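Asker: File name coords04.cif; file contents mmCIF, C-alpha atoms; full text below.
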```
data_protein
loop_
_atom_site.label_atom_id
_atom_site.label_comp_id
_atom_site.auth_asym_id
_atom_site.auth_seq_id
_atom_site.Cartn_x
_atom_site.Cartn_y
_atom_site.Cartn_z
CA MET A 870 -82.72 -116.88 93.74
CA SER A 871 -86.22 -118.04 92.81
CA LYS A 872 -88.71 -115.90 90.93
CA LEU A 873 -92.10 -115.68 92.65
CA ASN A 874 -93.73 -113.86 89.73
CA GLU A 875 -92.74 -111.47 86.94
CA LEU A 876 -91.57 -108.82 89.42
CA VAL A 877 -90.76 -110.20 92.85
CA THR A 878 -88.06 -112.74 93.67
CA SER A 879 -87.07 -114.61 96.81
CA GLU A 880 -84.15 -112.18 97.09
CA HIS A 881 -86.61 -109.27 97.31
CA LEU A 882 -88.38 -110.99 100.20
CA LYS A 883 -85.04 -111.67 101.88
CA GLN A 884 -84.24 -107.96 101.58
CA PHE A 885 -87.66 -107.10 103.00
CA ASP A 886 -87.18 -109.38 106.01
CA GLN A 887 -83.67 -108.05 106.68
CA HIS A 888 -83.99 -104.37 105.79
CA GLY A 889 -87.74 -103.70 105.89
CA TYR A 890 -87.95 -102.69 102.24
CA PHE A 891 -86.96 -103.43 98.65
CA ILE A 892 -87.00 -101.35 95.46
CA LEU A 893 -88.39 -102.26 92.04
CA SER A 894 -86.86 -99.99 89.42
CA SER A 895 -88.85 -98.61 86.46
CA VAL A 896 -91.83 -100.97 86.66
CA ILE A 897 -94.65 -98.48 86.01
CA PRO A 898 -95.14 -98.00 82.25
CA VAL A 899 -94.52 -94.56 80.77
CA GLU A 900 -98.13 -94.30 79.58
CA HIS A 901 -99.40 -94.81 83.14
CA LEU A 902 -97.01 -92.19 84.48
CA THR A 903 -98.27 -89.78 81.84
CA ILE A 904 -101.89 -90.33 82.89
CA MET A 905 -101.07 -89.75 86.55
CA ASN A 906 -98.86 -86.72 86.06
CA ASN A 907 -101.35 -85.08 83.70
CA ALA A 908 -104.06 -85.53 86.33
CA ILE A 909 -101.78 -83.99 88.96
CA ASP A 910 -101.10 -81.01 86.69
CA ARG A 911 -104.85 -80.48 86.27
CA ALA A 912 -105.42 -80.70 90.02
CA ILE A 913 -102.65 -78.20 90.74
CA LYS A 914 -104.03 -75.82 88.13
CA LYS A 915 -107.44 -75.98 89.78
CA ARG A 916 -105.87 -75.32 93.16
CA ASP A 917 -104.06 -72.34 91.75
CA GLU A 918 -107.47 -71.14 90.57
CA LYS A 919 -108.59 -71.11 94.22
CA MET A 920 -110.20 -74.57 94.12
CA HIS A 921 -108.43 -75.61 97.33
CA GLN A 922 -110.64 -78.65 97.84
CA MET A 923 -108.70 -80.53 95.17
CA ILE A 924 -105.47 -80.59 97.16
CA ASN A 925 -105.32 -79.93 100.87
CA SER A 926 -102.93 -77.63 102.68
CA ASN A 927 -100.34 -80.39 103.04
CA ASN A 928 -100.02 -80.71 99.25
CA THR A 929 -101.72 -84.10 99.40
CA THR A 930 -104.60 -85.02 97.14
CA PRO A 931 -107.65 -86.76 98.61
CA GLU A 932 -107.21 -90.51 98.32
CA ASP A 933 -110.15 -90.97 95.95
CA ASP A 934 -108.32 -88.83 93.41
CA GLY A 935 -105.45 -91.26 93.73
CA LEU A 936 -107.75 -94.14 92.83
CA ILE A 937 -108.98 -92.31 89.76
CA LEU A 938 -105.40 -91.77 88.64
CA CYS A 939 -104.78 -95.49 88.78
CA SER A 940 -107.95 -96.66 87.03
CA THR A 941 -105.94 -98.42 84.33
CA ASP A 942 -107.25 -101.88 83.50
CA GLY A 943 -105.18 -104.88 82.56
CA ASN A 944 -102.17 -104.29 84.78
CA LYS A 945 -100.92 -106.87 87.24
CA TYR A 946 -97.85 -105.49 88.93
CA MET A 947 -99.43 -104.12 92.10
CA GLU A 948 -101.20 -107.44 92.56
CA GLN A 949 -97.92 -109.30 92.08
CA ILE A 950 -96.16 -107.17 94.68
CA VAL A 951 -98.75 -107.44 97.42
CA ARG A 952 -99.40 -111.13 96.82
CA ALA A 953 -95.70 -111.93 97.12
CA VAL A 954 -95.27 -109.93 100.33
CA LEU A 955 -98.60 -110.28 102.13
CA GLY A 956 -100.00 -113.57 100.82
CA GLU A 957 -103.37 -114.63 99.49
CA ASN A 958 -105.60 -112.35 101.55
CA VAL A 959 -104.98 -108.64 101.06
CA TYR A 960 -107.03 -105.51 101.78
CA TYR A 961 -106.61 -102.08 100.25
CA THR A 962 -106.49 -99.54 103.10
CA HIS A 963 -105.36 -96.11 101.96
CA SER A 964 -103.72 -94.11 99.18
CA GLU A 965 -102.53 -90.59 98.56
CA ILE A 966 -100.57 -88.55 96.07
CA VAL A 967 -97.90 -86.33 97.58
CA VAL A 968 -96.70 -83.40 95.50
CA LYS A 969 -93.72 -81.20 96.36
CA ARG A 970 -93.32 -77.97 94.44
CA GLY A 971 -89.79 -77.05 93.47
CA GLN A 972 -88.53 -74.18 95.63
CA GLY A 973 -84.94 -73.98 94.44
CA LYS A 974 -82.67 -73.01 97.33
CA ASN A 975 -85.40 -70.96 98.98
CA ASP A 976 -85.48 -71.49 102.75
CA SER A 977 -89.19 -72.30 102.50
CA SER A 978 -88.24 -75.53 100.74
CA LYS A 979 -87.59 -77.00 104.20
CA LYS A 980 -91.34 -77.04 104.67
CA THR A 981 -91.61 -79.84 102.12
CA ALA A 982 -89.48 -82.22 104.20
CA PHE A 983 -91.15 -85.01 106.19
CA SER A 984 -89.73 -86.13 109.53
CA TRP A 985 -88.42 -89.59 110.39
CA HIS A 986 -91.36 -91.83 111.26
CA GLN A 987 -92.98 -95.23 110.91
CA ASP A 988 -96.40 -95.31 109.28
CA SER A 989 -97.49 -97.44 112.23
CA GLY A 990 -96.42 -94.57 114.48
CA TYR A 991 -99.56 -92.74 113.40
CA VAL A 992 -101.70 -95.60 114.74
CA PRO A 993 -101.67 -95.21 118.55
CA TYR A 994 -102.30 -98.86 119.42
CA GLU A 995 -100.96 -102.30 118.51
CA HIS A 996 -102.04 -103.62 115.12
CA THR A 997 -100.94 -105.95 112.33
CA PRO A 998 -98.24 -104.18 110.28
CA TYR A 999 -99.27 -103.18 106.77
CA LEU A 1000 -97.49 -102.49 103.49
CA SER A 1001 -96.68 -99.29 101.62
CA CYS A 1002 -95.99 -99.24 97.88
CA TRP A 1003 -94.42 -95.82 97.30
CA CYS A 1004 -94.50 -95.09 93.59
CA ALA A 1005 -92.16 -92.50 92.06
CA LEU A 1006 -94.22 -90.59 89.49
CA THR A 1007 -91.20 -88.41 88.69
CA GLU A 1008 -87.49 -89.08 88.87
CA MET A 1009 -86.28 -89.06 92.47
CA THR A 1010 -82.97 -87.33 93.16
CA SER A 1011 -80.94 -86.09 96.12
CA ASN A 1012 -82.13 -82.59 95.32
CA ASN A 1013 -85.87 -82.91 94.76
CA GLY A 1014 -87.22 -84.36 97.98
CA THR A 1015 -86.93 -88.11 97.67
CA ILE A 1016 -87.39 -90.44 100.63
CA SER A 1017 -84.74 -92.11 102.77
CA VAL A 1018 -85.31 -95.40 104.57
CA LEU A 1019 -83.52 -96.73 107.64
CA PRO A 1020 -82.65 -100.42 107.15
CA ALA A 1021 -84.22 -102.45 109.94
CA GLU A 1022 -80.89 -103.87 111.08
CA ARG A 1023 -79.87 -100.27 111.87
CA ASN A 1024 -82.94 -99.54 113.98
CA PRO A 1025 -82.09 -97.83 117.29
CA SER A 1026 -82.02 -99.81 120.51
CA ALA A 1027 -84.57 -98.92 123.16
CA ASP A 1028 -83.60 -95.79 125.08
CA GLU A 1029 -85.26 -92.65 126.48
CA ASN A 1030 -85.88 -91.33 122.95
CA HIS A 1031 -86.79 -94.63 121.35
CA LYS A 1032 -89.40 -96.39 123.45
CA ILE A 1033 -90.56 -99.65 121.90
CA ARG A 1034 -94.32 -100.14 122.08
CA TRP A 1035 -94.52 -103.61 120.58
CA PHE A 1036 -93.01 -105.90 117.92
CA GLY A 1037 -94.70 -107.01 114.72
CA LYS A 1038 -93.89 -109.45 111.93
CA ALA A 1039 -92.23 -108.02 108.84
CA ARG A 1040 -94.82 -109.91 106.78
CA PRO A 1041 -97.34 -112.67 107.59
CA SER A 1042 -95.18 -115.64 106.54
CA SER A 1043 -91.94 -114.32 108.06
CA GLU A 1044 -90.59 -114.93 111.54
CA THR A 1045 -88.67 -111.64 111.47
CA LYS A 1046 -90.11 -109.01 113.81
CA PHE A 1047 -89.60 -105.24 113.74
CA PRO A 1048 -90.11 -102.82 116.65
CA SER A 1049 -92.88 -100.23 116.76
CA TYR A 1050 -91.55 -97.04 118.35
CA ALA A 1051 -93.50 -94.47 120.33
CA HIS A 1052 -93.75 -91.25 118.31
CA ARG A 1053 -94.05 -87.70 119.54
CA PRO A 1054 -95.02 -84.40 117.89
CA ASP A 1055 -92.42 -82.47 115.92
CA ASP A 1056 -92.24 -78.92 117.31
CA SER A 1057 -91.46 -77.47 113.88
CA SER A 1058 -94.13 -79.24 111.80
CA PRO A 1059 -97.43 -81.16 112.04
CA ASP A 1060 -95.46 -84.42 111.74
CA LEU A 1061 -94.80 -87.10 114.31
CA LEU A 1062 -91.20 -88.04 115.07
CA GLY A 1063 -90.11 -91.62 115.63
CA TYR A 1064 -86.34 -91.49 115.18
CA PHE A 1065 -83.86 -89.20 116.92
CA GLY A 1066 -80.51 -90.65 115.86
CA ASN A 1067 -77.91 -89.46 113.36
CA ASP A 1068 -78.02 -92.28 110.82
CA PRO A 1069 -78.97 -90.68 107.46
CA GLY A 1070 -80.49 -93.93 106.24
CA VAL A 1071 -80.46 -95.01 102.60
CA GLU A 1072 -81.51 -92.30 100.18
CA VAL A 1073 -83.74 -93.59 97.39
CA VAL A 1074 -82.46 -92.22 94.08
CA CYS A 1075 -84.44 -93.85 91.31
CA PRO A 1076 -86.06 -93.31 87.89
CA ALA A 1077 -89.69 -92.37 87.48
CA GLY A 1078 -91.86 -95.49 87.56
CA SER A 1079 -89.95 -97.16 90.38
CA ILE A 1080 -91.73 -98.56 93.46
CA VAL A 1081 -90.31 -98.66 96.99
CA VAL A 1082 -92.01 -101.46 98.91
CA PHE A 1083 -91.71 -101.11 102.69
CA SER A 1084 -93.31 -102.15 105.97
CA SER A 1085 -95.38 -99.80 108.11
CA LEU A 1086 -92.67 -100.48 110.73
CA THR A 1087 -89.87 -99.20 108.48
CA LEU A 1088 -88.48 -95.83 109.57
CA HIS A 1089 -88.39 -93.35 106.69
CA CYS A 1090 -88.38 -89.63 105.96
CA SER A 1091 -88.22 -87.29 102.98
CA SER A 1092 -85.99 -84.32 102.23
CA PRO A 1093 -86.99 -80.86 100.94
CA ASN A 1094 -87.49 -80.23 97.23
CA ARG A 1095 -84.66 -77.84 96.43
CA SER A 1096 -84.99 -78.30 92.69
CA ASP A 1097 -86.93 -76.10 90.30
CA SER A 1098 -89.31 -78.89 89.27
CA LEU A 1099 -92.35 -80.66 90.65
CA ARG A 1100 -91.77 -83.89 92.57
CA SER A 1101 -94.71 -86.33 92.74
CA ALA A 1102 -95.23 -89.73 94.34
CA TYR A 1103 -98.21 -92.02 94.81
CA ASN A 1104 -98.34 -94.05 98.02
CA VAL A 1105 -100.81 -96.92 98.25
CA GLN A 1106 -101.15 -99.16 101.29
CA TYR A 1107 -102.36 -102.72 101.74
CA ALA A 1108 -102.84 -104.95 104.79
CA PRO A 1109 -103.17 -108.71 105.37
CA VAL A 1110 -106.13 -108.02 107.69
CA PRO A 1111 -108.40 -104.96 107.96
CA LEU A 1112 -106.93 -102.16 110.07
CA MET A 1113 -109.50 -101.75 112.82
CA SER A 1114 -110.17 -99.03 115.36
CA GLU A 1115 -108.76 -99.56 118.84
CA ASP A 1116 -112.09 -100.88 120.13
CA GLN A 1117 -112.33 -103.21 117.10
CA LYS A 1118 -115.80 -101.88 116.27
CA SER A 1119 -115.01 -99.99 113.07
CA PHE A 1120 -112.41 -99.69 110.33
CA ARG A 1121 -109.64 -97.14 110.87
CA HIS A 1122 -109.16 -96.83 107.11
CA LYS A 1123 -110.71 -98.55 104.14
CA ALA A 1124 -110.83 -102.34 104.25
CA ASP A 1125 -111.68 -103.26 100.69
CA PRO A 1126 -110.78 -106.81 99.59
CA PHE A 1127 -107.99 -106.71 97.02
CA ILE A 1128 -106.87 -110.34 96.90
CA ILE A 1129 -109.02 -112.98 98.55
CA GLN A 1130 -108.07 -116.66 98.41
CA SER A 1131 -105.67 -116.16 95.52
CA LYS A 1132 -108.14 -114.31 93.30
CA THR A 1133 -108.00 -110.59 92.64
CA ASP A 1134 -111.39 -108.96 93.19
CA GLU A 1135 -112.71 -107.95 89.75
CA GLU A 1136 -114.19 -104.71 91.08
CA LEU A 1137 -110.83 -103.69 92.49
CA LYS A 1138 -108.69 -104.27 89.41
CA LYS A 1139 -109.29 -100.65 88.46
CA TRP A 1140 -107.21 -99.69 91.53
CA GLN A 1141 -104.15 -101.48 90.28
CA LEU A 1142 -101.44 -99.40 88.72
#
```
Write the structure described by the file as C-alpha cells, please.

Answerer:
Amino acid sequence: MSKLNELVTSEHLKQFDQHGYFILSSVIPVEHLTIMNNAIDRAIKKRDEKMHQMINSNNTTPEDDGLILCSTDGNKYMEQIVRAVLGENVYYTHSEIVVKRGQGKNDSSKKTAFSWHQDSGYVPYEHTPYLSCWCALTEMTSNNGTISVLPAERNPSADENHKIRWFGKARPSSETKFPSYAHRPDDSSPDLLGYFGNDPGVEVVCPAGSIVVFSSLTLHCSSPNRSDSLRSAYNVQYAPVPLMSEDQKSFRHKADPFIIQSKTDEELKKWQL
C-alpha cells in the first residue's frame, strides 16, 4: 500500500474503483467542527425567528453559507483528497449543509430520510462523473439519519426498474466504469429514486469529522433522524471538468478552478476545510 499524500493511499483508490467510495475517519479538526456547528446553530436560531431565507424548506442551507463555514485558511486535506482522486485539474461545483432535526420516534422523522439515488441521477443528460466529499459535522449513528452507500459491485443489473442511461469512469485515471441509472420521482417525497432493490447497502457509522468520499455514480440514501439531537453534514462536490448545461453553452453549477496544473488556486484556499 503506497501513500499518495498525508490522507489518501493507493488502497483508498482501490476501494474507490471497486466500491465507488472510501471513508476517512476523524480528519476534520475539532476546532473546524466547532466553527461549522456554531454557524449552523446561529442559522437555525434565525430560522426559528422567522428568517426562513437562511435555511430553505428542505433543511438545507444555501451553498454560499457553506463556503463561509469553511473559510479556514491553512488546511490542506480537501485538496489532498480531490487531487488524489480527480488529478491535477479540479473544479469546485457545489456545496450544501444538510441539517436533520432530532424527532425521536415521532412518525414525522420519516420526512428526514432521503431516497436511494445517484447524484448524477439529478443531471438528465450524460456528463463526466464528479466527486462528493460528505463531511460528518456530528457523529453519525444508526439512529440519527446517517447515509448508506451501495458498493458498486452490488449495483443492480439492467431491468425494467433499473434502466442504464450510460457508463462513466469512476475517476479520470481509472478504467473502471459505473452505470448511470434512469431516475424517477418518488411519490412520497420531492426526491428522485434510482434504486428499487432490497440491498440495505453499507451504513456509514462514523465519528464527527469523518469524510465519505464517493462518486456521483454511487447509489446512496439517508435514514430518518430518530434521535433527540441535531444531525449535520456538509457535502462539497468537485469535478475534473466543468459541469455544463446540456447544450454546452452555460455552467450547470459553479465551475471555479480549485486545482489547476498541480497548484491550488490561492483565491480558493478559503473554501478548503

Asker: Kindly resolve the PyMOL selection byres ((chain A and resi 1078-1080) around 9) on the present coordinates and return the residues as a list of chain:residue names.

Answerer: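 Checked against the file, the PyMOL selection byres ((chain A and resi 1078-1080) around 9) matches A:Phe891, A:Ile892, A:Leu893, A:Ser894, A:Ser895, A:Val896, A:Ile897, A:Pro898, A:Val899, A:His901, A:Leu902, A:Cys1002, A:Trp1003, A:Cys1004, A:Ala1005, A:Leu1006, A:Thr1007, A:Glu1008, A:Cys1075, A:Pro1076, A:Ala1077, A:Val1081, A:Val1082.
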
Asker: Only C-alpha atoms, please: the residues just picked out, written as a PDB file, keeping the file's coordinate frame.

Answerer:
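That gives us out16.pdb:
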```pdb
ATOM      1  CA  PHE A 891     -86.960-103.430  98.650  1.00  0.00           C
ATOM      2  CA  ILE A 892     -87.000-101.350  95.460  1.00  0.00           C
ATOM      3  CA  LEU A 893     -88.390-102.260  92.040  1.00  0.00           C
ATOM      4  CA  SER A 894     -86.860 -99.990  89.420  1.00  0.00           C
ATOM      5  CA  SER A 895     -88.850 -98.610  86.460  1.00  0.00           C
ATOM      6  CA  VAL A 896     -91.830-100.970  86.660  1.00  0.00           C
ATOM      7  CA  ILE A 897     -94.650 -98.480  86.010  1.00  0.00           C
ATOM      8  CA  PRO A 898     -95.140 -98.000  82.250  1.00  0.00           C
ATOM      9  CA  VAL A 899     -94.520 -94.560  80.770  1.00  0.00           C
ATOM     10  CA  HIS A 901     -99.400 -94.810  83.140  1.00  0.00           C
ATOM     11  CA  LEU A 902     -97.010 -92.190  84.480  1.00  0.00           C
ATOM     12  CA  CYS A1002     -95.990 -99.240  97.880  1.00  0.00           C
ATOM     13  CA  TRP A1003     -94.420 -95.820  97.300  1.00  0.00           C
ATOM     14  CA  CYS A1004     -94.500 -95.090  93.590  1.00  0.00           C
ATOM     15  CA  ALA A1005     -92.160 -92.500  92.060  1.00  0.00           C
ATOM     16  CA  LEU A1006     -94.220 -90.590  89.490  1.00  0.00           C
ATOM     17  CA  THR A1007     -91.200 -88.410  88.690  1.00  0.00           C
ATOM     18  CA  GLU A1008     -87.490 -89.080  88.870  1.00  0.00           C
ATOM     19  CA  CYS A1075     -84.440 -93.850  91.310  1.00  0.00           C
ATOM     20  CA  PRO A1076     -86.060 -93.310  87.890  1.00  0.00           C
ATOM     21  CA  ALA A1077     -89.690 -92.370  87.480  1.00  0.00           C
ATOM     22  CA  VAL A1081     -90.310 -98.660  96.990  1.00  0.00           C
ATOM     23  CA  VAL A1082     -92.010-101.460  98.910  1.00  0.00           C
TER      24      VAL A1082
END
```

Asker: Tell me, counting all atoms listed in the file, for each residue of region 951-1005 of chain A within 10 Å of region 1043-1048 of chain A, which pair of atoms is nearest and how far apart they are in Å to one decimal, in rows ordered by chain and increasing number, as CSV.

Answerer:
```
residue,atom,partner,partner_atom,distance
A:Val954,CA,A:Ser1043,CA,9.5
A:Leu955,CA,A:Ser1043,CA,9.8
A:Gln987,CA,A:Pro1048,CA,9.9
A:Pro998,CA,A:Phe1047,CA,9.4
```

Asker: Here's the selection I'm unsure about, the PyMOL selection byres ((chain A and resi 1093-1106) around 7); applied to the file above, which residues does it give, as a ChimeraX atom specification?

Answerer: /A:961-974,978-982,1000-1007,1012-1014,1091-1092,1107-1108

Asker: Could you write out as JSON, numbers by chain the residues that the PyMOL selection byres ((chain A and resi 1054) around 12) matches in the shown file?

Answerer: {"A": [984, 985, 986, 990, 991, 1051, 1052, 1053, 1055, 1056, 1057, 1058, 1059, 1060, 1061, 1062, 1063, 1064]}

Asker: What does the distance between CA of Val1071 (chain A) and CA of Pro1020 (chain A) come to in Å, to one decimal place?

Answerer: 7.4 Å

Asker: Please, what distance in Å, to one decimal, runs between CA of Gly889 (chain A) and CA of Ala1021 (chain A)?

Answerer: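 These two atoms are separated by 5.5 Å.
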
Asker: Could you work out how far CA of Leu873 (chain A) lies from CA of Phe1036 (chain A), giving the answer in Å with one decimal?

Answerer: 27.1 Å

Asker: Using all atoms listed in the file, determine which residues lie at most 6 Å from Tyr1050 (chain A), disregarding the query and same-chain residues fewer than 5 positions distant; provide the list as a list of chain:residue names.

Answerer: A:Lys1032, A:Ile1033, A:Arg1034

Asker: Tell me which of A:Val1110, A:Ser1017, A:Ala1027, A:Glu995 sits closest to Tyr890 (chain A), counting only C-alpha atoms.

Answerer: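 Of the candidates, the smallest distance to Tyr890 (chain A) is held by A:Ser1017.
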